[in-house]
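One structure is given below, encoded as structure tokens.
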Amino acid sequence: MITKSTIDRIMEATDIVEVIGEFVQLKKRGANYVGLSPFANERTPSFTVSPAKGIFKDFSSGKGGSAITFLMELEKFTYPEALKWLAKKYSIDVEETVETVENKEEQNRRESLMRVTKFAAKFFHESLLESEEGQNIGLSYFKERGFNNETIEKFQLGYSPDQWEAFTGEALKQAFQEEFLVESGLSVKRDNGSLYDRYRGRVMFPIFSATGQIVGFGGRTLKSDKNVPKYVNSPESEIYSKSKVLYGFNLAIKSIRENDNCYLVEGYADVLSVYQSGIHNVVASSGTALTDDQIKLIGRQTKKLTILYDGDVAGIKAAIRGLSLLYKEGFKVSIVSFPDGHDPDSYIKSKGSTAFKNHIENTSKEIVDFYLTTVIDNDLNDPIKKIKVADDLADIISNNLEPEFRGAYVKRAAERLNIDERAYHSVINKSFINKFGKGNNQNKNEAPVQDTNIELPKEISEEGLNLLYAEQAQEKEIIRLLLLYGNRVIDWDGIANTYIGPFMIAELSDVEFEYPPCKKFVDIYRKEVENGILPDEQYFIHYADKEIVDLTVNQIATKYTLSENWYEMHKILVPDEQVNMKATILGAIFHLKKQKVGKILEGLRSELQKTSVEADQEILLNQYMHMKKVEKTISEYLGSVILK
């Protein structure tokens, strides 16, 4: 467990804009920063970061919280993992309570897997650099491929000894559990129950998550035996999903954002060579087609993707229709192919980084343009092939949401295919409508998620439902005021030397909160006040309970802010609740009490309708009349009139 003093140092050092800015392109807007949601597909920014409050709020998905919450939501970190990531970023030593073998067994599954992969990467890296076998075989291979010491260190390259149990034996000595060695794919279980190493005699490529956590491995054999697979990769696990990671992405994030472009290659060596040459905005999909999760990873940093293919033209052409789906996500995609059987790795080594950059700049083509260069006259002379080409191009072009784009490329395609432009435009429009509909709304997935976590009874009347909504709204209003003004000193007539928070808690001592998160919040607040602590919004923003964090952020975050020039331009004065704090605070308290009384009256009316016993009716009626007097008193204070 991480000590409280360490947590406090981490909280003090953390800059939420800096942290989230590593994953989301943020632009300053007034006092806040905005960007595209990393949790939802949207084209208009609804993701807001408030540096003053230290929170983010995603109005598309409804998620919100602190920098820690962001890491937990985005990377599925546990609370301790998020703290450790921040500690590493800000060079803070993490102090933990003494951990024994028994403690290790009690760690959650994900953290245990992370520890195993981290240990394995260290073991393989040290084997490469320090063992005779690793130096003679693994290190020699990397040096022959042209990788220098800095690259080897940066990517934590390694070597797994050509022995059956070298890694597994050492891991068991260090008290790592067999269960996690097997689940991570580092060890394999024999029929007799014993374990052996999966990666034997292979050079090792650790695979990192976007936040730099080692989640898996790729192991390449150096043997020429055709019966031995060239690459062995980690199996899917709780921490590793091949479709959700891109090799090299953790080191490329900053450069992708700065260059507003991402180079996509196929293999580990391509990434290493391009990165080593000084071009850092490069990642690999490890030979697979891009997945939705990988696209989202890139899309948080840039909407420009340049694909560096090492395949033949036929292979590239076959992939283009799938790549055109990126248009729907707002991407601008370019394709670069390499001549004479070169791939990015071999080309940059033989020609150099300057020639490599020039080749990309001079040969890069937009998807449709590239496809048109692959169309040969024989395709157009054969009617069947020509129809296939026209259909492919129509499908590709119609994936783009921009009418200007479609119009421009319809003309180019029609000219190349020698077909009627207007008729072809009609074909593409029809395809577009079939995909997106006539009333295409590019932001149809961006409707803000409202805070509507209302727990409803199985049977409830319409009037009861309205009361319930109003009651929960008033409870949340109390939470909002406690967060914003709880630590302010009261300076009202007749009340002095106390804070708003404790005053509100005391005034609401006779009120039972019904909405579970609000009830939990008030209970925590009351307990802290009783202990002589006055919690502020930061206390709840960084609270370990996610339900409390969600409630806090929902109450203090706002999607819109008024311009500083609002009054000067429009001469519209916006009411400020802080001008009369007494009315604001007491108004909220008595509105909530009024709602509670209304709920009691609703219950008494229901009981009166159900009972036929005269004595019970009299008791209920007396209670009802008493509560009506209470309601009248509250209403008179609030200056409202009850028409019932």
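Ordered as shown in the structure tokens, chains take letters A, B, and onward, while each chain numbers its residues from 1 and ligands are numbered from 1 in the order shown.
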
Might you pull out every residue within 9 Å of Gln555 (chain A), with only C-alpha atoms counted and same-chain residues fewer than 2 positions away left off, and present them as a short mmCIF file (atom, residue, chain, number, x, y, z; two decimals) with all heavy atoms, in the first residue's frame?
```
data_model
loop_
_atom_site.label_atom_id
_atom_site.label_comp_id
_atom_site.auth_asym_id
_atom_site.auth_seq_id
_atom_site.Cartn_x
_atom_site.Cartn_y
_atom_site.Cartn_z
N LYS A 476 -28.57 16.90 -4.83
CA LYS A 476 -27.35 17.19 -5.58
C LYS A 476 -26.97 18.66 -5.46
O LYS A 476 -25.78 19.01 -5.46
CB LYS A 476 -27.53 16.79 -7.05
CG LYS A 476 -27.61 15.29 -7.27
CD LYS A 476 -27.89 14.98 -8.73
CE LYS A 476 -28.04 13.48 -8.94
NZ LYS A 476 -28.38 13.15 -10.35
N GLU A 477 -27.97 19.53 -5.36
CA GLU A 477 -27.70 20.95 -5.19
C GLU A 477 -26.98 21.21 -3.86
O GLU A 477 -26.07 22.03 -3.78
CB GLU A 477 -29.00 21.75 -5.27
CG GLU A 477 -28.86 23.25 -4.98
CD GLU A 477 -28.01 24.00 -6.00
OE1 GLU A 477 -27.55 23.38 -6.98
OE2 GLU A 477 -27.80 25.20 -5.81
N ILE A 479 -25.00 19.10 -2.39
CA ILE A 479 -23.63 18.63 -2.59
C ILE A 479 -22.81 19.69 -3.33
O ILE A 479 -21.66 19.98 -2.97
CB ILE A 479 -23.62 17.31 -3.39
CG1 ILE A 479 -24.48 16.24 -2.70
CG2 ILE A 479 -22.20 16.83 -3.61
CD1 ILE A 479 -24.10 15.95 -1.27
N ARG A 480 -23.41 20.28 -4.35
CA ARG A 480 -22.72 21.30 -5.13
C ARG A 480 -22.29 22.48 -4.25
O ARG A 480 -21.15 22.96 -4.32
CB ARG A 480 -23.62 21.80 -6.27
CG ARG A 480 -22.93 22.79 -7.22
CD ARG A 480 -23.90 23.32 -8.26
NE ARG A 480 -24.84 24.27 -7.70
CZ ARG A 480 -24.59 25.56 -7.54
NH1 ARG A 480 -23.41 26.07 -7.89
NH2 ARG A 480 -25.50 26.37 -7.03
N LEU A 481 -23.20 22.93 -3.40
CA LEU A 481 -22.91 24.07 -2.53
C LEU A 481 -21.86 23.72 -1.47
O LEU A 481 -21.00 24.54 -1.15
CB LEU A 481 -24.19 24.56 -1.86
CG LEU A 481 -25.24 25.14 -2.82
CD1 LEU A 481 -26.53 25.47 -2.08
CD2 LEU A 481 -24.70 26.38 -3.53
N LEU A 483 -19.45 21.62 -1.91
CA LEU A 483 -18.18 21.56 -2.62
C LEU A 483 -17.62 22.95 -2.92
O LEU A 483 -16.43 23.21 -2.75
CB LEU A 483 -18.35 20.78 -3.93
CG LEU A 483 -18.51 19.27 -3.79
CD1 LEU A 483 -19.05 18.66 -5.08
CD2 LEU A 483 -17.18 18.61 -3.42
N ASP A 550 -17.33 10.71 -9.24
CA ASP A 550 -18.29 11.01 -10.31
C ASP A 550 -19.31 12.05 -9.86
O ASP A 550 -19.62 13.00 -10.60
CB ASP A 550 -19.02 9.73 -10.74
CG ASP A 550 -18.13 8.78 -11.53
OD1 ASP A 550 -17.08 9.24 -12.01
OD2 ASP A 550 -18.49 7.61 -11.67
N LEU A 551 -19.84 11.89 -8.65
CA LEU A 551 -20.81 12.84 -8.13
C LEU A 551 -20.17 14.22 -8.01
O LEU A 551 -20.78 15.23 -8.40
CB LEU A 551 -21.31 12.37 -6.75
CG LEU A 551 -22.26 13.33 -6.03
CD1 LEU A 551 -23.56 13.50 -6.79
CD2 LEU A 551 -22.54 12.82 -4.60
N THR A 552 -18.95 14.27 -7.50
CA THR A 552 -18.26 15.55 -7.31
C THR A 552 -18.07 16.28 -8.63
O THR A 552 -18.41 17.46 -8.76
CB THR A 552 -16.89 15.31 -6.65
OG1 THR A 552 -17.08 14.69 -5.37
CG2 THR A 552 -16.12 16.61 -6.48
N VAL A 553 -17.52 15.57 -9.61
CA VAL A 553 -17.23 16.20 -10.90
C VAL A 553 -18.51 16.65 -11.60
O VAL A 553 -18.57 17.72 -12.19
CB VAL A 553 -16.42 15.24 -11.80
CG1 VAL A 553 -16.26 15.82 -13.20
CG2 VAL A 553 -15.05 14.98 -11.19
N ALA A 557 -18.53 20.56 -12.57
CA ALA A 557 -18.10 20.78 -13.95
C ALA A 557 -19.22 21.40 -14.75
O ALA A 557 -20.40 21.09 -14.56
CB ALA A 557 -17.70 19.44 -14.59
N THR A 558 -18.85 22.29 -15.67
CA THR A 558 -19.82 22.89 -16.56
C THR A 558 -19.26 22.88 -17.96
O THR A 558 -18.07 23.12 -18.17
CB THR A 558 -20.17 24.32 -16.13
OG1 THR A 558 -21.08 24.89 -17.09
CG2 THR A 558 -18.94 25.20 -16.04
#
```

Quick one: residues within 8 Å of Ser398 (chain A), only C-alpha atoms counted, chain neighbours fewer than 5 positions away excluded, as an mmCIF file with N, CA, C and O atoms, in the first residue's frame?
```cif
data_model
loop_
_atom_site.group_PDB
_atom_site.id
_atom_site.type_symbol
_atom_site.label_atom_id
_atom_site.label_comp_id
_atom_site.auth_asym_id
_atom_site.auth_seq_id
_atom_site.Cartn_x
_atom_site.Cartn_y
_atom_site.Cartn_z
ATOM 1 N N ARG A 406 -15.714 14.344 -51.904
ATOM 2 C CA ARG A 406 -16.390 13.418 -52.815
ATOM 3 C C ARG A 406 -16.500 14.020 -54.215
ATOM 4 O O ARG A 406 -16.266 13.340 -55.220
ATOM 5 N N ILE A 428 -22.195 7.350 -56.443
ATOM 6 C CA ILE A 428 -21.500 7.579 -55.176
ATOM 7 C C ILE A 428 -22.429 8.208 -54.146
ATOM 8 O O ILE A 428 -22.390 7.857 -52.958
ATOM 9 N N ASN A 429 -23.283 9.125 -54.582
ATOM 10 C CA ASN A 429 -24.260 9.722 -53.658
ATOM 11 C C ASN A 429 -25.201 8.664 -53.097
ATOM 12 O O ASN A 429 -25.554 8.686 -51.912
ATOM 13 N N SER A 431 -24.536 5.489 -52.742
ATOM 14 C CA SER A 431 -23.761 4.687 -51.795
ATOM 15 C C SER A 431 -23.610 5.420 -50.471
ATOM 16 O O SER A 431 -23.730 4.820 -49.389
ATOM 17 N N PHE A 432 -23.354 6.734 -50.530
ATOM 18 C CA PHE A 432 -23.194 7.543 -49.321
ATOM 19 C C PHE A 432 -24.481 7.547 -48.494
ATOM 20 O O PHE A 432 -24.453 7.379 -47.272
#
```

Shell around region 513-527 of chain A at 9 Å using only C-alpha atoms, local window under 2 positions removed, as an MDAnalysis selection string: chainID A and resid 454:455 471:472 475:476 478:479 482 501:502 505:506 511 529:535 540 547:548 551:552

Which of region 343-376 of chain A DSSP labels alpha helix (DSSP H), written as number ranges by chain: A: 344-351, 353-363, 367-374

Name all residues at most 8 Å from Cys262 (chain A) (count only C-alpha atoms; drop same-chain ones fewer than 5 positions away) and give them as a PDB file with all heavy atoms, in the first residue's frame.
```pdb
ATOM      1  N   ILE A 256       4.150  12.568 -32.449  1.00  0.00           N
ATOM      2  CA  ILE A 256       2.943  12.522 -33.290  1.00  0.00           C
ATOM      3  C   ILE A 256       2.176  13.825 -33.147  1.00  0.00           C
ATOM      4  O   ILE A 256       1.720  14.414 -34.127  1.00  0.00           O
ATOM      5  CB  ILE A 256       2.056  11.328 -32.900  1.00  0.00           C
ATOM      6  CG1 ILE A 256       2.722  10.004 -33.290  1.00  0.00           C
ATOM      7  CG2 ILE A 256       0.676  11.431 -33.566  1.00  0.00           C
ATOM      8  CD1 ILE A 256       2.012   8.776 -32.763  1.00  0.00           C
ATOM      9  N   ASN A 281       7.794   9.880 -34.734  1.00  0.00           N
ATOM     10  CA  ASN A 281       6.336   9.722 -34.800  1.00  0.00           C
ATOM     11  C   ASN A 281       5.950   8.478 -35.593  1.00  0.00           C
ATOM     12  O   ASN A 281       5.171   8.523 -36.541  1.00  0.00           O
ATOM     13  CB  ASN A 281       5.686  10.972 -35.414  1.00  0.00           C
ATOM     14  CG  ASN A 281       6.257  11.356 -36.764  1.00  0.00           C
ATOM     15  OD1 ASN A 281       7.451  11.225 -36.991  1.00  0.00           O
ATOM     16  ND2 ASN A 281       5.409  11.843 -37.655  1.00  0.00           N
ATOM     17  N   VAL A 282       6.502   7.333 -35.172  1.00  0.00           N
ATOM     18  CA  VAL A 282       6.298   6.085 -35.901  1.00  0.00           C
ATOM     19  C   VAL A 282       5.831   4.987 -34.958  1.00  0.00           C
ATOM     20  O   VAL A 282       6.324   4.853 -33.833  1.00  0.00           O
ATOM     21  CB  VAL A 282       7.600   5.659 -36.621  1.00  0.00           C
ATOM     22  CG1 VAL A 282       8.753   5.507 -35.628  1.00  0.00           C
ATOM     23  CG2 VAL A 282       7.384   4.381 -37.414  1.00  0.00           C
ATOM     24  N   VAL A 283       4.857   4.192 -35.422  1.00  0.00           N
ATOM     25  CA  VAL A 283       4.321   3.071 -34.651  1.00  0.00           C
ATOM     26  C   VAL A 283       4.096   1.898 -35.595  1.00  0.00           C
ATOM     27  O   VAL A 283       4.101   2.064 -36.814  1.00  0.00           O
ATOM     28  CB  VAL A 283       2.984   3.429 -33.952  1.00  0.00           C
ATOM     29  CG1 VAL A 283       3.160   4.597 -33.007  1.00  0.00           C
ATOM     30  CG2 VAL A 283       1.896   3.742 -34.982  1.00  0.00           C
ATOM     31  N   ILE A 298      -4.460   6.616 -32.058  1.00  0.00           N
ATOM     32  CA  ILE A 298      -3.829   7.601 -32.950  1.00  0.00           C
ATOM     33  C   ILE A 298      -4.660   8.873 -33.007  1.00  0.00           C
ATOM     34  O   ILE A 298      -4.136   9.994 -32.970  1.00  0.00           O
ATOM     35  CB  ILE A 298      -3.654   7.006 -34.361  1.00  0.00           C
ATOM     36  CG1 ILE A 298      -2.724   5.795 -34.315  1.00  0.00           C
ATOM     37  CG2 ILE A 298      -3.112   8.062 -35.329  1.00  0.00           C
ATOM     38  CD1 ILE A 298      -2.682   4.988 -35.593  1.00  0.00           C
ATOM     39  N   THR A 302      -3.590  12.910 -33.429  1.00  0.00           N
ATOM     40  CA  THR A 302      -3.619  13.519 -34.757  1.00  0.00           C
ATOM     41  C   THR A 302      -4.691  12.849 -35.603  1.00  0.00           C
ATOM     42  O   THR A 302      -5.089  11.710 -35.338  1.00  0.00           O
ATOM     43  CB  THR A 302      -2.254  13.372 -35.463  1.00  0.00           C
ATOM     44  OG1 THR A 302      -2.303  14.019 -36.734  1.00  0.00           O
ATOM     45  CG2 THR A 302      -1.900  11.912 -35.681  1.00  0.00           C
ATOM     46  N   LYS A 304      -4.031  12.803 -38.934  1.00  0.00           N
ATOM     47  CA  LYS A 304      -3.278  12.562 -40.163  1.00  0.00           C
ATOM     48  C   LYS A 304      -2.465  11.284 -39.990  1.00  0.00           C
ATOM     49  O   LYS A 304      -1.662  11.171 -39.062  1.00  0.00           O
ATOM     50  CB  LYS A 304      -2.361  13.748 -40.461  1.00  0.00           C
ATOM     51  CG  LYS A 304      -3.106  15.025 -40.822  1.00  0.00           C
ATOM     52  CD  LYS A 304      -2.136  16.161 -41.106  1.00  0.00           C
ATOM     53  CE  LYS A 304      -2.888  17.458 -41.400  1.00  0.00           C
ATOM     54  NZ  LYS A 304      -1.950  18.594 -41.608  1.00  0.00           N
ATOM     55  N   LEU A 305      -2.669  10.347 -40.901  1.00  0.00           N
ATOM     56  CA  LEU A 305      -2.003   9.050 -40.823  1.00  0.00           C
ATOM     57  C   LEU A 305      -1.313   8.768 -42.148  1.00  0.00           C
ATOM     58  O   LEU A 305      -1.933   8.830 -43.212  1.00  0.00           O
ATOM     59  CB  LEU A 305      -3.032   7.954 -40.522  1.00  0.00           C
ATOM     60  CG  LEU A 305      -2.519   6.525 -40.400  1.00  0.00           C
ATOM     61  CD1 LEU A 305      -1.579   6.399 -39.203  1.00  0.00           C
ATOM     62  CD2 LEU A 305      -3.684   5.548 -40.247  1.00  0.00           C
ATOM     63  N   THR A 306      -0.019   8.483 -42.082  1.00  0.00           N
ATOM     64  CA  THR A 306       0.742   8.116 -43.268  1.00  0.00           C
ATOM     65  C   THR A 306       1.190   6.673 -43.126  1.00  0.00           C
ATOM     66  O   THR A 306       1.924   6.346 -42.183  1.00  0.00           O
ATOM     67  CB  THR A 306       1.975   9.029 -43.441  1.00  0.00           C
ATOM     68  OG1 THR A 306       1.538  10.391 -43.535  1.00  0.00           O
ATOM     69  CG2 THR A 306       2.739   8.663 -44.701  1.00  0.00           C
TER      70      THR A 306
END
```

Picked from region 137-224 of chain A by DSSP as strand (DSSP E or B), as an MDAnalysis selection string: chainID A and resid 158:160 187:189 195:197 202:208 214:221

Residues as selected, N, CA and C atoms, written as an mmCIF file, in the first residue's frame, can you do that?
```cif
data_model
loop_
_atom_site.group_PDB
_atom_site.id
_atom_site.type_symbol
_atom_site.label_atom_id
_atom_site.label_comp_id
_atom_site.auth_asym_id
_atom_site.auth_seq_id
_atom_site.Cartn_x
_atom_site.Cartn_y
_atom_site.Cartn_z
ATOM 1 N N GLY A 158 15.762 -7.345 -25.506
ATOM 2 C CA GLY A 158 16.322 -8.376 -24.642
ATOM 3 C C GLY A 158 16.608 -9.675 -25.363
ATOM 4 N N TYR A 159 16.983 -10.663 -24.574
ATOM 5 C CA TYR A 159 17.270 -12.000 -25.105
ATOM 6 C C TYR A 159 16.834 -13.028 -24.073
ATOM 7 N N SER A 160 16.141 -14.064 -24.541
ATOM 8 C CA SER A 160 15.719 -15.155 -23.659
ATOM 9 C C SER A 160 16.668 -16.329 -23.868
ATOM 10 N N SER A 187 5.434 -18.367 -19.372
ATOM 11 C CA SER A 187 5.732 -19.767 -19.066
ATOM 12 C C SER A 187 4.599 -20.649 -19.583
ATOM 13 N N VAL A 188 4.940 -21.897 -19.867
ATOM 14 C CA VAL A 188 3.961 -22.873 -20.365
ATOM 15 C C VAL A 188 3.955 -24.059 -19.416
ATOM 16 N N LYS A 189 2.759 -24.598 -19.158
ATOM 17 C CA LYS A 189 2.645 -25.719 -18.215
ATOM 18 C C LYS A 189 2.703 -27.046 -18.971
ATOM 19 N N LEU A 195 6.560 -26.146 -15.191
ATOM 20 C CA LEU A 195 6.560 -25.041 -16.145
ATOM 21 C C LEU A 195 7.871 -24.981 -16.924
ATOM 22 N N TYR A 196 7.788 -24.448 -18.146
ATOM 23 C CA TYR A 196 8.993 -24.179 -18.923
ATOM 24 C C TYR A 196 8.824 -22.859 -19.658
ATOM 25 N N ASP A 197 9.939 -22.294 -20.150
ATOM 26 C CA ASP A 197 9.926 -20.984 -20.799
ATOM 27 C C ASP A 197 9.291 -21.057 -22.189
ATOM 28 N N ARG A 202 15.430 -16.641 -28.159
ATOM 29 C CA ARG A 202 14.833 -15.604 -29.003
ATOM 30 C C ARG A 202 15.260 -14.214 -28.537
ATOM 31 N N VAL A 203 15.383 -13.293 -29.502
ATOM 32 C CA VAL A 203 15.549 -11.888 -29.124
ATOM 33 C C VAL A 203 14.166 -11.360 -28.780
ATOM 34 N N MET A 204 14.096 -10.496 -27.778
ATOM 35 C CA MET A 204 12.815 -10.112 -27.200
ATOM 36 C C MET A 204 12.515 -8.621 -27.426
ATOM 37 N N PHE A 205 11.261 -8.376 -27.821
ATOM 38 C CA PHE A 205 10.755 -7.014 -28.018
ATOM 39 C C PHE A 205 9.620 -6.766 -27.027
ATOM 40 N N PRO A 206 9.880 -6.084 -25.925
ATOM 41 C CA PRO A 206 8.783 -5.771 -24.993
ATOM 42 C C PRO A 206 7.746 -4.877 -25.671
ATOM 43 N N ILE A 207 6.489 -5.124 -25.373
ATOM 44 C CA ILE A 207 5.391 -4.324 -25.924
ATOM 45 C C ILE A 207 4.823 -3.472 -24.799
ATOM 46 N N PHE A 208 4.788 -2.165 -25.018
ATOM 47 C CA PHE A 208 4.369 -1.212 -23.992
ATOM 48 C C PHE A 208 2.960 -0.700 -24.270
ATOM 49 N N ILE A 214 4.719 -2.298 -19.421
ATOM 50 C CA ILE A 214 5.008 -3.478 -20.254
ATOM 51 C C ILE A 214 3.850 -4.466 -20.111
ATOM 52 N N VAL A 215 3.213 -4.761 -21.248
ATOM 53 C CA VAL A 215 2.019 -5.611 -21.202
ATOM 54 C C VAL A 215 2.198 -6.931 -21.944
ATOM 55 N N GLY A 216 3.231 -7.039 -22.771
ATOM 56 C CA GLY A 216 3.431 -8.274 -23.522
ATOM 57 C C GLY A 216 4.794 -8.285 -24.193
ATOM 58 N N PHE A 217 5.035 -9.331 -25.006
ATOM 59 C CA PHE A 217 6.322 -9.489 -25.671
ATOM 60 C C PHE A 217 6.142 -10.086 -27.063
ATOM 61 N N GLY A 218 7.110 -9.753 -27.914
ATOM 62 C CA GLY A 218 7.272 -10.451 -29.185
ATOM 63 C C GLY A 218 8.655 -11.053 -29.168
ATOM 64 N N GLY A 219 8.749 -12.323 -29.504
ATOM 65 C CA GLY A 219 10.045 -12.994 -29.487
ATOM 66 C C GLY A 219 10.397 -13.518 -30.870
ATOM 67 N N ARG A 220 11.563 -13.158 -31.404
ATOM 68 C CA ARG A 220 11.987 -13.583 -32.743
ATOM 69 C C ARG A 220 13.077 -14.632 -32.634
ATOM 70 N N THR A 221 12.882 -15.750 -33.338
ATOM 71 C CA THR A 221 13.914 -16.783 -33.336
ATOM 72 C C THR A 221 15.051 -16.382 -34.265
#
```

Contact residues around Pro344 (chain A) with only C-alpha atoms at 12 Å, ignoring same-chain residues under 3 positions, as a PyMOL selection string: chain A and resi 263-275+277+279+282-284+307-311+336-341+347-353+355-357+359-360

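Distances from A:Ile55, A:Ser50, A:Leu36, A:Ser324 to Val549 (chain A) were compared using only C-alpha atoms, and the smallest one belongs to A:Ile55.
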
Two-atom distance - CA of Val34 (chain A), CA of Phe47 (chain A) (Å):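 CA of Phe47 (chain A) lies at a distance of 5.5 Å from CA of Val34 (chain A).
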
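Proximity to Asp162 (chain A) at 10 Å, evaluated using only C-alpha atoms and with sequence-adjacent residues fewer than 6 positions away removed, yields A:Glu133, A:Gly134, A:Asp197, A:Tyr199, A:Arg200, A:Gly201, A:Arg202.
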
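Proximity to Val24 (chain A) at 8 Å, evaluated using only C-alpha atoms and with sequence-adjacent residues fewer than 6 positions away removed, yields Gly35, Leu36, Ser37, Pro38, Arg300 and Gln301 of chain A.
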
Interatomic distance, CA of Gln156 (chain A) to CA of Ala121 (chain A) (Å, one decimal):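 Interatomic distance here is 7.2 Å.
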